[in-house]
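Colleague: So that you have it, the file is model_34.cif, and it contains mmCIF, C-alpha atoms:
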data_target
loop_
_atom_site.group_PDB
_atom_site.id
_atom_site.type_symbol
_atom_site.label_atom_id
_atom_site.label_comp_id
_atom_site.auth_asym_id
_atom_site.auth_seq_id
_atom_site.Cartn_x
_atom_site.Cartn_y
_atom_site.Cartn_z
ATOM 1 C CA MET A 81 -11.386 12.436 12.316
ATOM 2 C CA GLU A 82 -9.062 13.564 9.528
ATOM 3 C CA LYS A 83 -10.401 13.292 6.018
ATOM 4 C CA ILE A 84 -9.010 13.431 2.513
ATOM 5 C CA PRO A 85 -10.697 16.277 0.600
ATOM 6 C CA ILE A 86 -12.619 15.517 -2.587
ATOM 7 C CA LEU A 87 -12.800 18.469 -5.002
ATOM 8 C CA LYS A 88 -15.503 18.793 -7.633
ATOM 9 C CA MET A 89 -14.427 20.195 -10.977
ATOM 10 C CA GLY A 90 -17.220 20.209 -13.528
ATOM 11 C CA GLU A 91 -18.276 16.617 -14.017
ATOM 12 C CA PHE A 92 -15.095 15.245 -12.446
ATOM 13 C CA LEU A 93 -13.933 14.633 -8.903
ATOM 14 C CA LEU A 94 -10.341 15.318 -7.903
ATOM 15 C CA VAL A 95 -8.518 13.682 -5.022
ATOM 16 C CA THR A 96 -4.933 14.391 -4.033
ATOM 17 C CA ILE A 97 -3.612 12.050 -1.403
ATOM 18 C CA GLN A 98 -1.010 14.039 0.506
ATOM 19 C CA VAL A 99 -0.746 12.149 3.770
ATOM 20 C CA ASP A 100 0.619 8.758 4.716
ATOM 21 C CA MET A 101 -2.784 7.077 4.983
ATOM 22 C CA HIS A 102 -3.516 4.654 7.755
ATOM 23 C CA ASP A 103 -5.865 1.855 6.736
ATOM 24 C CA ARG A 104 -9.005 3.360 8.214
ATOM 25 C CA LEU A 105 -8.414 6.645 6.396
ATOM 26 C CA ALA A 106 -8.069 4.723 3.122
ATOM 27 C CA MET A 107 -11.353 2.925 3.798
ATOM 28 C CA ALA A 108 -13.042 6.241 4.612
ATOM 29 C CA LEU A 109 -11.840 7.716 1.314
ATOM 30 C CA GLN A 110 -13.298 4.755 -0.552
ATOM 31 C CA ASP A 111 -16.695 5.293 1.105
ATOM 32 C CA ASP A 112 -16.611 9.095 0.705
ATOM 33 C CA LEU A 113 -15.758 8.857 -2.968
ATOM 34 C CA THR A 114 -18.553 6.461 -3.849
ATOM 35 C CA ALA A 115 -21.039 8.607 -1.914
ATOM 36 C CA THR A 116 -19.814 11.773 -3.657
ATOM 37 C CA ILE A 117 -19.986 10.187 -7.127
ATOM 38 C CA SER A 118 -23.596 9.312 -6.576
ATOM 39 C CA GLN A 119 -24.490 12.696 -5.014
ATOM 40 C CA THR A 120 -22.838 14.792 -7.709
ATOM 41 C CA ASP A 121 -23.462 12.599 -10.779
ATOM 42 C CA ALA A 122 -19.726 12.755 -11.461
ATOM 43 C CA ARG A 123 -18.554 11.123 -14.697
ATOM 44 C CA GLY A 124 -14.941 10.746 -13.718
ATOM 45 C CA VAL A 125 -12.574 10.498 -10.760
ATOM 46 C CA LEU A 126 -8.930 11.535 -10.828
ATOM 47 C CA ILE A 127 -6.717 10.354 -7.983
ATOM 48 C CA ASP A 128 -3.293 11.971 -7.694
ATOM 49 C CA ILE A 129 -0.832 9.782 -5.775
ATOM 50 C CA SER A 130 2.341 11.684 -6.721
ATOM 51 C CA THR A 131 3.221 12.383 -3.096
ATOM 52 C CA LEU A 132 2.651 8.802 -1.937
ATOM 53 C CA GLU A 133 5.963 7.214 -1.004
ATOM 54 C CA ILE A 134 4.618 3.700 -0.986
ATOM 55 C CA VAL A 135 1.600 1.751 -2.185
ATOM 56 C CA ASP A 136 1.246 -1.500 -0.298
ATOM 57 C CA SER A 137 -1.329 -4.242 -0.884
ATOM 58 C CA PHE A 138 -3.919 -2.452 1.255
ATOM 59 C CA ILE A 139 -3.705 0.859 -0.590
ATOM 60 C CA GLY A 140 -3.479 -1.019 -3.898
ATOM 61 C CA ARG A 141 -6.663 -2.867 -3.078
ATOM 62 C CA MET A 142 -8.341 0.425 -2.159
ATOM 63 C CA LEU A 143 -7.420 1.896 -5.565
ATOM 64 C CA SER A 144 -8.799 -1.191 -7.342
ATOM 65 C CA ASN A 145 -11.980 -1.027 -5.260
ATOM 66 C CA ILE A 146 -12.518 2.657 -6.037
ATOM 67 C CA ALA A 147 -12.077 1.991 -9.760
ATOM 68 C CA ALA A 148 -14.545 -0.908 -9.651
ATOM 69 C CA MET A 149 -17.127 0.928 -7.560
ATOM 70 C CA SER A 150 -17.019 4.051 -9.694
ATOM 71 C CA ARG A 151 -17.372 1.931 -12.838
ATOM 72 C CA VAL A 152 -20.533 0.434 -11.408
ATOM 73 C CA LEU A 153 -21.740 4.000 -10.763
ATOM 74 C CA ASP A 154 -20.985 4.921 -14.385
ATOM 75 C CA ALA A 155 -17.868 6.969 -13.678
ATOM 76 C CA GLU A 156 -14.297 6.457 -14.898
ATOM 77 C CA THR A 157 -11.297 6.450 -12.554
ATOM 78 C CA VAL A 158 -7.748 7.427 -13.445
ATOM 79 C CA VAL A 159 -4.844 7.186 -11.002
ATOM 80 C CA VAL A 160 -2.037 9.615 -11.815
ATOM 81 C CA GLY A 161 1.482 10.489 -10.734
ATOM 82 C CA MET A 162 2.795 7.193 -9.407
ATOM 83 C CA GLN A 163 6.486 7.504 -8.576
ATOM 84 C CA PRO A 164 8.782 5.111 -10.495
ATOM 85 C CA ALA A 165 10.101 3.496 -7.284
ATOM 86 C CA VAL A 166 6.514 2.845 -6.206
ATOM 87 C CA ALA A 167 5.682 1.240 -9.560
ATOM 88 C CA ILE A 168 8.711 -1.070 -9.373
ATOM 89 C CA THR A 169 7.875 -2.088 -5.808
ATOM 90 C CA LEU A 170 4.202 -2.612 -6.512
ATOM 91 C CA VAL A 171 4.857 -5.018 -9.376
ATOM 92 C CA GLU A 172 7.446 -6.969 -7.384
ATOM 93 C CA LEU A 173 5.006 -7.185 -4.525
ATOM 94 C CA GLY A 174 2.668 -8.894 -7.001
ATOM 95 C CA LEU A 175 0.123 -6.143 -7.604
ATOM 96 C CA SER A 176 -0.530 -4.755 -11.046
ATOM 97 C CA LEU A 177 -3.697 -2.827 -10.137
ATOM 98 C CA PRO A 178 -6.073 -4.712 -12.423
ATOM 99 C CA GLY A 179 -8.899 -2.549 -13.713
ATOM 100 C CA VAL A 180 -7.223 0.702 -12.701
ATOM 101 C CA ARG A 181 -6.441 3.171 -15.479
ATOM 102 C CA THR A 182 -3.314 5.217 -14.953
ATOM 103 C CA ALA A 183 -1.661 8.279 -16.445
ATOM 104 C CA LEU A 184 1.700 9.893 -15.823
ATOM 105 C CA ASN A 185 0.425 13.232 -14.538
ATOM 106 C CA VAL A 186 -2.712 15.249 -13.820
ATOM 107 C CA ASP A 187 -2.841 16.793 -17.315
ATOM 108 C CA ALA A 188 -2.632 13.428 -19.055
ATOM 109 C CA GLY A 189 -5.152 11.983 -16.606
ATOM 110 C CA MET A 190 -7.693 14.763 -17.227
ATOM 111 C CA GLU A 191 -7.261 14.298 -20.961
ATOM 112 C CA LEU A 192 -7.866 10.561 -20.601
ATOM 113 C CA LEU A 193 -11.014 11.179 -18.531
ATOM 114 C CA ARG A 194 -12.398 13.735 -20.999
ATOM 115 C CA THR A 195 -11.760 11.496 -23.984
ATOM 116 C CA SER A 196 -13.356 8.422 -22.480
ATOM 117 C CA VAL A 197 -16.344 10.292 -21.041
ATOM 118 C CA ASN A 198 -16.962 11.997 -24.403
ATOM 119 C CA ALA A 199 -16.651 8.666 -26.203
ATOM 120 C CA ASN A 200 -19.255 7.194 -23.867
ATOM 121 C CA LYS A 201 -21.595 10.111 -24.482
ATOM 122 C CA GLU A 202 -21.280 9.724 -28.239
ATOM 123 C CA MET A 203 -21.987 6.055 -28.009
ATOM 124 C CA TYR A 204 -24.819 6.065 -25.522
ATOM 125 C CA GLY A 205 -26.011 9.677 -25.565
ATOM 126 C CA SER A 206 -26.194 11.991 -22.565
ATOM 127 C CA ARG A 207 -27.686 10.892 -19.307
ATOM 128 C CA PHE A 208 -31.335 11.507 -18.633
ATOM 129 C CA HIS A 209 -31.936 13.725 -15.631
ATOM 130 C CA MET B 187 28.876 -8.152 10.729
ATOM 131 C CA VAL B 188 28.365 -5.508 13.366
ATOM 132 C CA VAL B 189 25.010 -4.388 14.672
ATOM 133 C CA VAL B 190 25.461 -0.648 15.037
ATOM 134 C CA SER B 191 22.211 0.176 16.777
ATOM 135 C CA THR B 192 18.934 -1.416 17.754
ATOM 136 C CA GLU B 193 15.581 0.051 18.544
ATOM 137 C CA SER B 194 12.161 -1.405 19.134
ATOM 138 C CA VAL B 195 8.842 -0.105 17.835
ATOM 139 C CA PRO B 196 5.571 -1.336 19.340
ATOM 140 C CA ILE B 197 2.914 -2.559 16.889
ATOM 141 C CA LYS B 198 -0.361 -2.582 18.774
ATOM 142 C CA SER B 199 -3.022 -0.953 16.653
ATOM 143 C CA GLU B 200 -3.568 0.083 13.068
ATOM 144 C CA PRO B 201 -2.034 3.621 13.243
ATOM 145 C CA ASP B 202 1.237 1.962 14.333
ATOM 146 C CA VAL B 203 1.624 0.703 10.749
ATOM 147 C CA VAL B 204 2.162 4.339 9.746
ATOM 148 C CA THR B 205 4.712 4.759 12.563
ATOM 149 C CA VAL B 206 6.539 1.649 11.328
ATOM 150 C CA ARG B 207 6.687 3.024 7.768
ATOM 151 C CA ARG B 208 7.951 6.395 9.023
ATOM 152 C CA CYS B 209 10.647 4.767 11.157
ATOM 153 C CA VAL B 210 11.864 2.441 8.368
ATOM 154 C CA ARG B 211 11.906 5.346 5.900
ATOM 155 C CA GLU B 212 14.031 7.428 8.261
ATOM 156 C CA VAL B 213 16.560 4.703 9.050
ATOM 157 C CA SER B 214 16.896 3.420 5.470
ATOM 158 C CA ALA B 215 17.501 6.977 4.236
ATOM 159 C CA GLN B 216 20.123 7.532 6.928
ATOM 160 C CA LEU B 217 21.872 4.311 5.866
ATOM 161 C CA GLY B 218 22.013 5.614 2.304
ATOM 162 C CA LEU B 219 19.803 2.981 0.642
ATOM 163 C CA SER B 220 18.702 3.919 -2.877
ATOM 164 C CA LEU B 221 15.190 5.282 -3.295
ATOM 165 C CA VAL B 222 13.962 2.026 -4.855
ATOM 166 C CA ASP B 223 15.502 -0.044 -2.043
ATOM 167 C CA GLN B 224 13.988 2.287 0.561
ATOM 168 C CA THR B 225 10.582 1.957 -1.073
ATOM 169 C CA LYS B 226 10.892 -1.843 -1.142
ATOM 170 C CA ILE B 227 11.775 -2.282 2.505
ATOM 171 C CA ILE B 228 9.193 0.281 3.658
ATOM 172 C CA THR B 229 6.522 -1.567 1.669
ATOM 173 C CA ALA B 230 7.618 -4.955 3.049
ATOM 174 C CA ALA B 231 7.585 -3.510 6.588
ATOM 175 C CA SER B 232 4.093 -2.113 6.024
ATOM 176 C CA GLU B 233 2.796 -5.551 4.968
ATOM 177 C CA LEU B 234 4.443 -7.363 7.860
ATOM 178 C CA ALA B 235 3.371 -4.782 10.453
ATOM 179 C CA ARG B 236 -0.234 -5.127 9.312
ATOM 180 C CA ASN B 237 0.057 -8.940 9.542
ATOM 181 C CA THR B 238 1.449 -8.578 13.068
ATOM 182 C CA ILE B 239 -1.724 -6.761 14.092
ATOM 183 C CA ILE B 240 -4.312 -8.734 12.132
ATOM 184 C CA TYR B 241 -2.961 -12.247 12.599
ATOM 185 C CA GLY B 242 -0.586 -11.913 15.548
ATOM 186 C CA GLY B 243 -2.722 -9.702 17.770
ATOM 187 C CA GLY B 244 0.079 -7.133 17.960
ATOM 188 C CA GLY B 245 3.780 -7.307 18.680
ATOM 189 C CA THR B 246 6.982 -5.408 18.018
ATOM 190 C CA MET B 247 9.361 -4.461 15.252
ATOM 191 C CA GLN B 248 13.038 -4.459 16.045
ATOM 192 C CA VAL B 249 15.223 -2.242 13.867
ATOM 193 C CA GLU B 250 18.920 -3.028 13.475
ATOM 194 C CA ARG B 251 21.426 -1.009 11.503
ATOM 195 C CA LEU B 252 24.092 -3.355 10.197
ATOM 196 C CA ASN B 253 27.634 -2.481 9.341
ATOM 197 C CA GLY B 254 30.789 -4.446 8.761
ATOM 198 C CA PRO B 255 31.557 -5.715 5.324
ATOM 199 C CA ARG B 256 28.169 -4.473 4.174
ATOM 200 C CA THR B 257 25.708 -1.825 5.247
ATOM 201 C CA GLY B 258 22.134 -2.887 5.643
ATOM 202 C CA LEU B 259 18.920 -2.749 7.544
ATOM 203 C CA ARG B 260 17.439 -5.690 9.413
ATOM 204 C CA LEU B 261 13.883 -5.684 10.723
ATOM 205 C CA THR B 262 12.391 -8.314 13.008
ATOM 206 C CA PHE B 263 8.626 -8.577 13.471
ATOM 207 C CA GLU B 264 7.592 -10.634 16.444
ATOM 208 C CA ASP B 265 4.228 -11.525 17.885
ATOM 209 C CA HIS B 266 2.900 -14.022 20.399
ATOM 210 C CA GLY B 267 -0.237 -14.823 18.463
ATOM 211 C CA PRO B 268 -1.565 -18.194 17.298
ATOM 212 C CA GLY B 269 1.330 -18.800 14.878
ATOM 213 C CA ILE B 270 1.165 -20.073 11.302
ATOM 214 C CA PRO B 271 0.387 -23.796 10.977
ATOM 215 C CA ASP B 272 1.720 -24.132 7.417
ATOM 216 C CA VAL B 273 4.371 -21.521 6.597
ATOM 217 C CA GLU B 274 4.928 -22.764 3.058
ATOM 218 C CA LEU B 275 1.248 -22.400 2.273
ATOM 219 C CA ALA B 276 1.110 -18.957 3.893
ATOM 220 C CA LEU B 277 3.970 -17.782 1.662
ATOM 221 C CA ARG B 278 2.047 -18.681 -1.473
ATOM 222 C CA ASP B 279 0.566 -15.716 -3.360
ATOM 223 C CA GLY B 280 -3.175 -15.475 -3.035
ATOM 224 C CA PHE B 281 -3.372 -17.553 0.129
ATOM 225 C CA THR B 282 -5.064 -15.768 3.002
ATOM 226 C CA THR B 283 -7.039 -16.677 6.077
ATOM 227 C CA GLY B 284 -8.137 -13.054 6.392
ATOM 228 C CA SER B 285 -9.819 -10.687 4.002
ATOM 229 C CA GLY B 286 -6.721 -9.352 2.222
ATOM 230 C CA LEU B 287 -5.192 -10.216 -1.125
ATOM 231 C CA GLY B 288 -2.790 -12.817 0.233
ATOM 232 C CA LEU B 289 0.249 -10.944 -1.027
ATOM 233 C CA GLY B 290 1.702 -9.752 2.279
ATOM 234 C CA LEU B 291 4.075 -12.595 3.138
ATOM 235 C CA GLY B 292 5.138 -13.797 -0.310
ATOM 236 C CA GLY B 293 5.258 -10.246 -1.627
ATOM 237 C CA SER B 294 7.412 -8.907 1.169
ATOM 238 C CA LYS B 295 9.781 -11.840 0.708
ATOM 239 C CA ARG B 296 10.314 -10.747 -2.901
ATOM 240 C CA LEU B 297 11.038 -7.165 -1.802
ATOM 241 C CA VAL B 298 13.998 -7.950 0.453
ATOM 242 C CA ASN B 299 17.392 -9.668 0.159
ATOM 243 C CA GLU B 300 16.962 -11.996 3.119
ATOM 244 C CA PHE B 301 13.790 -13.388 4.613
ATOM 245 C CA ASP B 302 13.498 -15.686 7.576
ATOM 246 C CA ILE B 303 10.347 -16.921 9.248
ATOM 247 C CA VAL B 304 9.966 -18.929 12.433
ATOM 248 C CA SER B 305 6.473 -19.753 13.579
ATOM 249 C CA ARG B 306 5.256 -22.085 16.294
ATOM 250 C CA PRO B 307 1.541 -22.795 16.600
ATOM 251 C CA GLY B 308 0.270 -21.396 19.878
ATOM 252 C CA GLN B 309 3.470 -19.458 20.540
ATOM 253 C CA GLY B 310 3.804 -16.841 17.847
ATOM 254 C CA THR B 311 5.687 -15.799 14.761
ATOM 255 C CA ARG B 312 9.016 -14.103 14.155
ATOM 256 C CA ILE B 313 9.891 -12.770 10.711
ATOM 257 C CA THR B 314 13.268 -11.237 9.956
ATOM 258 C CA ILE B 315 13.946 -9.295 6.762
ATOM 259 C CA THR B 316 17.183 -7.679 5.587
ATOM 260 C CA ARG B 317 17.868 -5.246 2.808
ATOM 261 C CA TRP B 318 21.521 -4.610 1.957
ATOM 262 C CA LYS B 319 22.827 -1.372 0.564
#
Before anything else, please render the file you have as structure tokens.
Modeller:
Amino acid sequence: MEKIPILKMGEFLLVTIQVDMHDRLAMALQDDLTATISQTDARGVLIDISTLEIVDSFIGRMLSNIAAMSRVLDAETVVVGMQPAVAITLVELGLSLPGVRTALNVDAGMELLRTSVNANKEMYGSRFH
Amino acid sequence: MVVVSTESVPIKSEPDVVTVRRCVREVSAQLGLSLVDQTKIITAASELARNTIIYGGGGTMQVERLNGPRTGLRLTFEDHGPGIPDVELALRDGFTTGSGLGLGLGGSKRLVNEFDIVSRPGQGTRITITRWK
């Protein structure tokens, strides 16, 4: 079965969605990501959706789920690169992706992840391993 | 109004939702719809195609290119499933009998210029959406 690759970069995980995902593939990504966060002790997840031509309620729900699950596993999620037409459509559809942090591009998203992970470390100290 | 061409796309299983999106993207681009309008009708089609499978047990999407005074795209989703007992309730945001967010019907109505729904319990549902250029 086809799979969306998850790249590990330091303490972050990187996902670039480059295919028109059918629902089962989206569900598989959700499961893979949570498993990988826990296996790798990742502190942050960056999801690049710049090549996605649409985000419907199913994909929107998947993004919200990933953000919520990673938060429970002590990792931050940032969704980057949403196309303007997708943003307009998503809001009219009635979805505003509650709980999902977003940034305009990968650079801004990485910056956001680093800042919030560092802030957490300062506040609560490093993790015990 | 003149219907320039008609084609039918089967919606039987979940990967067909992707086929529906691809087809609507292709036709709406050919008709010259703006990128935002293309995105809106593709998204609406994606929601309705998924509903056709989940609630209707599968069906078809009919694609019509409209010309005449105005250019547009009309999509008809039809299934012979159990039908919707209370259409008004089903159109309300947040209402669902499944496990989704309950945004599919009401949301897709907001994304198109014309929305028509006919549903008869025990016979099925037909939803027609139109997006004008």
Colleague: Counting only C-alpha atoms, collect the residues of chain A whose closest atom lies at most 6 Å from chain B, and write them out as a list of chain:residue names.
Modeller: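 So the residues of chain A near chain B are A:His102, A:Asp136, A:Ala165, A:Thr169, A:Leu173.
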Colleague: Identify which of the residues B:Ile313, B:Val188, B:Leu252, B:Ile197 lies closest to Leu277 in chain B, counting only C-alpha atoms when measuring atom-to-atom distances.
Modeller: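 Among B:Ile313, B:Val188, B:Leu252, B:Ile197, it is B:Ile313 that comes nearest to Leu277 in chain B.
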Colleague: Quick one: distance from CA of Ser194 in chain B to CA of Gly245 in chain B in Å, one decimal?
Modeller: 10.3 Å
Colleague: Given the file above and the PyMOL selection byres ((chain B and resi 307) around 10), which residues are selected, and can you give them as a list of chain:residue names?
Modeller: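 Going through the file, the PyMOL selection byres ((chain B and resi 307) around 10) ends up selecting B:His266, B:Gly267, B:Pro268, B:Gly269, B:Ile270, B:Pro271, B:Asp272, B:Ser305, B:Arg306, B:Gly308, B:Gln309, B:Gly310, B:Thr311.
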Colleague: If you count all atoms listed in the file, which residues fall within 7 Å of Thr316 in chain B, apart from same-chain ones fewer than 3 positions away, as a PDB file with C-alpha atoms, in the coordinates of the input?
Modeller:
ATOM      1  CA  GLY B 258      22.134  -2.887   5.643  1.00  0.00           C
ATOM      2  CA  LEU B 259      18.920  -2.749   7.544  1.00  0.00           C
ATOM      3  CA  ARG B 260      17.439  -5.690   9.413  1.00  0.00           C
ATOM      4  CA  LEU B 261      13.883  -5.684  10.723  1.00  0.00           C
ATOM      5  CA  VAL B 298      13.998  -7.950   0.453  1.00  0.00           C
ATOM      6  CA  ASN B 299      17.392  -9.668   0.159  1.00  0.00           C
ATOM      7  CA  GLU B 300      16.962 -11.996   3.119  1.00  0.00           C
ATOM      8  CA  PHE B 301      13.790 -13.388   4.613  1.00  0.00           C
TER       9      PHE B 301
END
Colleague: Would you compute the distance between CA of Leu87 in chain A and CA of Asp103 in chain A? Give it in Å to one decimal.
Modeller: 21.5 Å
Colleague: If the PyMOL selection byres ((chain A and resi 161) around 8) is run on the structure shown, which residues does it catch, given as a PyMOL selection string?
Modeller: chain A and resi 128-130+159-160+162-163+183-186
Colleague: Quick one: what's the axis-aligned box for range 206-212 of chain B, all listed atoms, 3 Å on every side, centre and edges in Å to one decimal, as AutoDock Vina command-line options?
Modeller:
--center_x 10.3 --center_y 4.5 --center_z 8.6 --size_x 13.5 --size_y 11.8 --size_z 11.4
Colleague: What's the separation between CA of Val171 in chain A and CA of Leu275 in chain B, in Å to one decimal place?
Modeller: 21.2 Å
Colleague: What's around range 114-123 of chain A at 8 Å? Count all atoms listed in the file, leave out sequence neighbours fewer than 6 positions away in its own chain, and write the answer as a ChimeraX atom specification.
Modeller: /A:91-93,146,149-150,153-156,197
Colleague: Using the chain letters and numbering of this document, enumerate as a list in words the residues selected by the PyMOL selection byres ((chain A and resi 145) around 12).
Modeller: Ala106, Met107, Leu109, Gln110, Asp111, Leu113, Thr114, Ser137, Phe138, Ile139, Gly140, Arg141, Met142, Leu143, Ser144, Ile146, Ala147, Ala148, Met149, Ser150, Arg151, Val152, Thr157, Leu177, Pro178, Gly179 and Val180 of chain A
Colleague: Could you name the residues that touch Arg256 in chain B at 12 Å or less, counting only C-alpha atoms, but leaving out those on the same chain fewer than 5 positions away, as a PyMOL selection string?
Modeller: chain B and resi 187-190+217-219+251+316-319
Colleague: Which one of A:Ile134, A:Leu193, A:Leu170, A:Ala188 sits closest to Gln98 in chain A if you count all atoms listed in the file?
Modeller: A:Ile134
